[in-house]
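Below is model_25.pdb, holding PDB, C-alpha atoms and all ligand atoms.
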```
MODEL        1
ATOM      1  CA  MET A   1      21.073   8.078 -14.308  1.00  0.00           C
ATOM      2  CA  THR A   2      18.192   8.636 -11.951  1.00  0.00           C
ATOM      3  CA  PRO A   3      17.924   6.062  -9.223  1.00  0.00           C
ATOM      4  CA  SER A   4      14.787   4.021  -9.464  1.00  0.00           C
ATOM      5  CA  TYR A   5      13.091   1.222  -7.625  1.00  0.00           C
ATOM      6  CA  LYS A   6      10.765  -1.453  -8.802  1.00  0.00           C
ATOM      7  CA  MET A   7       7.523  -0.794  -7.009  1.00  0.00           C
ATOM      8  CA  SER A   8       4.261  -2.698  -6.890  1.00  0.00           C
ATOM      9  CA  PHE A   9       1.111  -1.113  -8.219  1.00  0.00           C
ATOM     10  CA  ALA A  10      -2.191  -2.711  -7.297  1.00  0.00           C
ATOM     11  CA  CYS A  11      -5.468  -2.541  -9.161  1.00  0.00           C
ATOM     12  CA  PHE A  12      -8.628  -3.099  -7.105  1.00  0.00           C
ATOM     13  CA  ASP A  13     -10.698  -3.843 -10.157  1.00  0.00           C
ATOM     14  CA  CYS A  14      -8.456  -6.675 -11.374  1.00  0.00           C
ATOM     15  CA  ARG A  15      -7.289  -7.569  -7.837  1.00  0.00           C
ATOM     16  CA  LYS A  16      -3.786  -7.845  -9.202  1.00  0.00           C
ATOM     17  CA  SER A  17      -0.487  -6.096  -8.845  1.00  0.00           C
ATOM     18  CA  PHE A  18       2.298  -5.383 -11.283  1.00  0.00           C
ATOM     19  CA  LYS A  19       5.782  -3.927 -10.902  1.00  0.00           C
ATOM     20  CA  ARG A  20       7.146  -0.811 -12.519  1.00  0.00           C
ATOM     21  CA  GLU A  21      10.413   1.111 -12.236  1.00  0.00           C
ATOM     22  CA  VAL A  22       9.726   4.330 -10.353  1.00  0.00           C
ATOM     23  CA  ASP A  23      12.016   7.354 -10.015  1.00  0.00           C
ATOM     24  CA  ILE A  24      12.653   7.565  -6.269  1.00  0.00           C
ATOM     25  CA  TYR A  25      12.828  11.372  -6.338  1.00  0.00           C
ATOM     26  CA  ASN A  26       9.532  11.748  -8.101  1.00  0.00           C
ATOM     27  CA  VAL A  27       7.452   8.809  -7.025  1.00  0.00           C
ATOM     28  CA  THR A  28       4.369   8.155  -9.083  1.00  0.00           C
ATOM     29  CA  LEU A  29       1.470   7.198  -6.851  1.00  0.00           C
ATOM     30  CA  GLU A  30      -0.989   6.197  -9.504  1.00  0.00           C
ATOM     31  CA  LEU A  31      -0.710   4.497 -12.863  1.00  0.00           C
ATOM     32  CA  THR A  32      -3.202   3.221 -15.361  1.00  0.00           C
ATOM     33  CA  CYS A  33      -3.699  -0.510 -14.933  1.00  0.00           C
ATOM     34  CA  PRO A  34      -2.364  -2.282 -18.052  1.00  0.00           C
ATOM     35  CA  GLU A  35      -5.209  -4.803 -17.890  1.00  0.00           C
ATOM     36  CA  CYS A  36      -8.380  -2.814 -17.314  1.00  0.00           C
ATOM     37  CA  GLY A  37      -7.328   0.817 -17.788  1.00  0.00           C
ATOM     38  CA  ASN A  38      -8.545   1.893 -14.349  1.00  0.00           C
ATOM     39  CA  THR A  39      -6.325   3.423 -11.707  1.00  0.00           C
ATOM     40  CA  SER A  40      -3.753   1.337  -9.884  1.00  0.00           C
ATOM     41  CA  TYR A  41      -1.910   2.470  -6.781  1.00  0.00           C
ATOM     42  CA  ASN A  42       1.738   2.392  -5.808  1.00  0.00           C
ATOM     43  CA  PHE A  43       2.151   0.292  -2.663  1.00  0.00           C
ATOM     44  CA  GLY A  44       5.906   0.353  -2.711  1.00  0.00           C
ATOM     45  CA  ARG A  45       8.612  -2.239  -2.832  1.00  0.00           C
ATOM     46  CA  HIS A  46       7.364  -4.710  -0.274  1.00  0.00           C
ATOM     47  CA  PHE A  47       3.706  -5.111  -1.094  1.00  0.00           C
ATOM     48  CA  LYS A  48       2.515  -8.705  -1.285  1.00  0.00           C
ATOM     49  CA  PRO A  49      -0.735  -8.835  -3.208  1.00  0.00           C
ATOM     50  CA  PRO A  50      -3.484 -11.124  -1.872  1.00  0.00           C
ATOM     51  CA  LYS A  51      -4.794 -13.854  -4.142  1.00  0.00           C
ATOM     52  CA  LYS A  52      -7.175 -12.611  -6.782  1.00  0.00           C
ATOM     53  CA  SER A  53      -9.963 -14.718  -5.249  1.00  0.00           C
ATOM     54  CA  ASP A  54      -9.403 -13.364  -1.737  1.00  0.00           C
ATOM     55  CA  LYS A  55     -11.859 -10.480  -1.753  1.00  0.00           C
ATOM     56  CA  GLU A  56     -11.668 -10.026   2.011  1.00  0.00           C
ATOM     57  CA  GLN A  57      -7.965  -9.332   1.846  1.00  0.00           C
ATOM     58  CA  TRP A  58      -8.403  -6.959  -1.066  1.00  0.00           C
ATOM     59  CA  ASN A  59     -11.099  -5.140   0.915  1.00  0.00           C
ATOM     60  CA  LYS A  60      -8.611  -4.779   3.734  1.00  0.00           C
ATOM     61  CA  VAL A  61      -5.963  -3.376   1.369  1.00  0.00           C
ATOM     62  CA  ARG A  62      -8.492  -0.928  -0.051  1.00  0.00           C
ATOM     63  CA  TYR A  63      -9.559   0.121   3.455  1.00  0.00           C
ATOM     64  CA  LEU A  64      -5.958   0.781   4.457  1.00  0.00           C
ATOM     65  CA  LYS A  65      -5.261   2.737   1.284  1.00  0.00           C
ATOM     66  CA  GLU A  66      -8.384   4.856   1.717  1.00  0.00           C
ATOM     67  CA  HIS A  67      -7.180   5.788   5.198  1.00  0.00           C
ATOM     68  CA  GLY A  68      -3.712   6.836   4.089  1.00  0.00           C
ATOM     69  CA  PHE A  69      -1.846   3.567   4.637  1.00  0.00           C
ATOM     70  CA  TRP A  70      -0.144   2.719   1.375  1.00  0.00           C
ATOM     71  CA  PHE A  71       2.131   0.110   2.953  1.00  0.00           C
ATOM     72  CA  GLN A  72       4.619   2.747   3.959  1.00  0.00           C
ATOM     73  CA  LYS A  73       6.744   1.750   6.954  1.00  0.00           C
ATOM     74  CA  ILE A  74       5.197   2.742  10.280  1.00  0.00           C
ATOM     75  CA  ARG A  75       7.847   3.430  12.934  1.00  0.00           C
ATOM     76  CA  PRO A  76       6.394   5.042  16.063  1.00  0.00           C
ATOM     77  CA  ASP A  77       9.742   4.654  17.798  1.00  0.00           C
ATOM     78  CA  GLU A  78      12.385   6.509  15.817  1.00  0.00           C
ATOM     79  CA  ASN A  79      15.142   4.589  17.534  1.00  0.00           C
ATOM     80  CA  SER A  80      13.763   1.267  16.478  1.00  0.00           C
ATOM     81  CA  VAL A  81      14.660  -0.287  13.159  1.00  0.00           C
ATOM     82  CA  ASP A  82      11.547  -2.423  13.274  1.00  0.00           C
ATOM     83  CA  SER A  83       8.384  -1.125  11.736  1.00  0.00           C
ATOM     84  CA  ILE A  84       4.875  -2.007  12.830  1.00  0.00           C
ATOM     85  CA  PRO A  85       3.545  -5.001  10.909  1.00  0.00           C
ATOM     86  CA  TYR A  86       0.471  -4.379   8.802  1.00  0.00           C
ATOM     87  CA  PRO A  87      -2.772  -5.965   9.976  1.00  0.00           C
ATOM     88  CA  ASP A  88      -3.938  -9.371   8.758  1.00  0.00           C
ATOM     89  CA  THR A  89      -7.679  -8.801   8.748  1.00  0.00           C
ATOM     90  CA  LEU A  90     -10.135  -5.995   8.054  1.00  0.00           C
ATOM     91  CA  ASP A  91     -11.088  -5.851  11.750  1.00  0.00           C
ATOM     92  CA  GLU A  92      -7.448  -5.468  12.710  1.00  0.00           C
ATOM     93  CA  ALA A  93      -7.061  -2.883   9.974  1.00  0.00           C
ATOM     94  CA  LYS A  94      -9.751  -0.743  11.617  1.00  0.00           C
ATOM     95  CA  GLU A  95      -7.863  -0.763  14.909  1.00  0.00           C
ATOM     96  CA  PHE A  96      -4.582  -0.175  13.113  1.00  0.00           C
ATOM     97  CA  VAL A  97      -5.905   2.862  11.211  1.00  0.00           C
ATOM     98  CA  ASN A  98      -7.183   4.350  14.450  1.00  0.00           C
ATOM     99  CA  LYS A  99      -4.051   3.633  16.439  1.00  0.00           C
ATOM    100  CA  TYR A 100      -1.565   4.884  13.862  1.00  0.00           C
ATOM    101  CA  LYS A 101      -3.613   7.692  12.294  1.00  0.00           C
ATOM    102  CA  ASP A 102      -0.761  10.147  12.865  1.00  0.00           C
ATOM    103  CA  PHE A 103       1.268   8.136  10.353  1.00  0.00           C
ATOM    104  CA  ALA A 104      -1.360   8.157   7.620  1.00  0.00           C
ATOM    105  CA  LEU A 105      -0.326   9.767   4.354  1.00  0.00           C
ATOM    106  CA  LYS A 106      -2.121  13.000   3.671  1.00  0.00           C
ATOM    107  CA  LEU A 107      -2.888  12.830  -0.009  1.00  0.00           C
ATOM    108  CA  ASN A 108      -5.141  15.123  -1.953  1.00  0.00           C
TER     109      ASN A 108
HETATM  110 ZN    ZN B   1      -7.020  -3.385 -13.491  1.00  0.00          ZN
ENDMDL
END
```

Would you mind writing the file out in C-alpha cells?
Amino acid sequence: MTPSYKMSFACFDCRKSFKREVDIYNVTLELTCPECGNTSYNFGRHFKPPKKSDKEQWNKVRYLKEHGFWFQKIRPDENSVDSIPYPDTLDEAKEFVNKYKDFALKLN
C-alpha cells in the first residue's frame, strides 16, 4: 500500500476547502473543485480555511499561494523544530513573502 495523507485543497472561487487522500510520493498540487469545477490547490495537512465570508483572508491565502507559499513549513533555522508562523493579514503576508522568498516553492 502506498502511504497517503489527507490533505486540504482550497478553491478560491468557492472560498472553501475539502480533504482528499494524496499519495505522499507523488503529491497532487491541483485538483478540480467538486463544487464549481475550477482548480483547487493543495495546501497540505495543516491548512485552516478562512470563513467563506472572509474575503480579506482568502485574498491573503491567494497572495501567499501566488508567491510560492502553499502553507509548507518554513524553517530558516535547520536546528529548530519550530517553523515560522504564517501571517495573519495581507499586509503581514507582503512582508512575509519578501522576508522568506528563498523558501518559496518554485512551481511552473
Ligand atoms: Zn470551487

Within 12 Å of segment 37-41 of chain A, counting only C-alpha atoms, which residues show up once you throw out same-chain ones fewer than 6 positions away? Write them as a compact mmCIF listing (two decimals) with C-alpha atoms, in the frame of the given file, please.
```txt
# COMPACT_ATOMS: atom_id res chain seq x y z
CA MET A 7 7.52 -0.79 -7.01
CA SER A 8 4.26 -2.70 -6.89
CA PHE A 9 1.11 -1.11 -8.22
CA ALA A 10 -2.19 -2.71 -7.30
CA CYS A 11 -5.47 -2.54 -9.16
CA PHE A 12 -8.63 -3.10 -7.10
CA ASP A 13 -10.70 -3.84 -10.16
CA CYS A 14 -8.46 -6.68 -11.37
CA ARG A 15 -7.29 -7.57 -7.84
CA LYS A 16 -3.79 -7.84 -9.20
CA SER A 17 -0.49 -6.10 -8.85
CA PHE A 18 2.30 -5.38 -11.28
CA LYS A 19 5.78 -3.93 -10.90
CA ARG A 20 7.15 -0.81 -12.52
CA VAL A 27 7.45 8.81 -7.02
CA THR A 28 4.37 8.15 -9.08
CA LEU A 29 1.47 7.20 -6.85
CA GLU A 30 -0.99 6.20 -9.50
CA LEU A 31 -0.71 4.50 -12.86
CA PHE A 47 3.71 -5.11 -1.09
CA PRO A 49 -0.74 -8.84 -3.21
CA VAL A 61 -5.96 -3.38 1.37
CA ARG A 62 -8.49 -0.93 -0.05
CA LYS A 65 -5.26 2.74 1.28
CA GLU A 66 -8.38 4.86 1.72
CA GLY A 68 -3.71 6.84 4.09
CA PHE A 69 -1.85 3.57 4.64
CA TRP A 70 -0.14 2.72 1.38
CA PHE A 71 2.13 0.11 2.95
```

>> One decimal, in Å: what's the spacing between atom CA of Asn59 of chain A and atom CA of Asp88 of chain A?
In response: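 Answer for the atom CA of Asn59 of chain A to atom CA of Asp88 of chain A separation: 11.4 Å.
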
Do a neighbour search on segment 89-91 of chain A at 12 Å with all atoms listed in the file, toss out local chain neighbours closer than 2 positions, and write the hits as an mmCIF file with C-alpha atoms, in the frame of the given file.
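Okay, this is what ended up in selection_12.cif:
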```cif
data_model
loop_
_atom_site.group_PDB
_atom_site.id
_atom_site.type_symbol
_atom_site.label_atom_id
_atom_site.label_comp_id
_atom_site.auth_asym_id
_atom_site.auth_seq_id
_atom_site.Cartn_x
_atom_site.Cartn_y
_atom_site.Cartn_z
ATOM 1 C CA PRO A 50 -3.484 -11.124 -1.872
ATOM 2 C CA ASP A 54 -9.403 -13.364 -1.737
ATOM 3 C CA LYS A 55 -11.859 -10.480 -1.753
ATOM 4 C CA GLU A 56 -11.668 -10.026 2.011
ATOM 5 C CA GLN A 57 -7.965 -9.332 1.846
ATOM 6 C CA TRP A 58 -8.403 -6.959 -1.066
ATOM 7 C CA ASN A 59 -11.099 -5.140 0.915
ATOM 8 C CA LYS A 60 -8.611 -4.779 3.734
ATOM 9 C CA VAL A 61 -5.963 -3.376 1.369
ATOM 10 C CA ARG A 62 -8.492 -0.928 -0.051
ATOM 11 C CA TYR A 63 -9.559 0.121 3.455
ATOM 12 C CA LEU A 64 -5.958 0.781 4.457
ATOM 13 C CA TYR A 86 0.471 -4.379 8.802
ATOM 14 C CA PRO A 87 -2.772 -5.965 9.976
ATOM 15 C CA ALA A 93 -7.061 -2.883 9.974
ATOM 16 C CA LYS A 94 -9.751 -0.743 11.617
ATOM 17 C CA GLU A 95 -7.863 -0.763 14.909
ATOM 18 C CA PHE A 96 -4.582 -0.175 13.113
ATOM 19 C CA VAL A 97 -5.905 2.862 11.211
ATOM 20 C CA ASN A 98 -7.183 4.350 14.450
#
```

> Quick one, how far is atom CA of Lys52 of chain A from atom CA of Glu92 of chain A?
Replying inline: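 Result for atom CA of Lys52 of chain A versus atom CA of Glu92 of chain A: 20.8 Å, one decimal.
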
>> From the options A:Thr2, A:Lys73, A:Ile84, A:Lys106, which residue's atoms come nearest to Arg45 of chain A, counting only C-alpha atoms?
In response: A:Lys73

> Which is closest to ligand ZN 1 (chain B) among A:Ser4, A:Asp23, A:Glu78, A:Pro34, if we use only C-alpha atoms and all ligand atoms?
Replying inline: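 Of the candidates, the smallest distance to ligand ZN 1 (chain B) is held by A:Pro34.
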
> Can you tell me how far atom CA of Tyr5 of chain A sits from atom CA of Cys36 of chain A, in Å to one decimal?
Replying inline: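 Pair atom CA of Tyr5 of chain A / atom CA of Cys36 of chain A returns 23.9 Å.
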
> Skipping near chain neighbours, those fewer than 3 positions away, what residues fall within 10 Å of Pro3 of chain A using only C-alpha atoms, listed as a PyMOL selection string?
Replying inline: chain A and resi 21-25
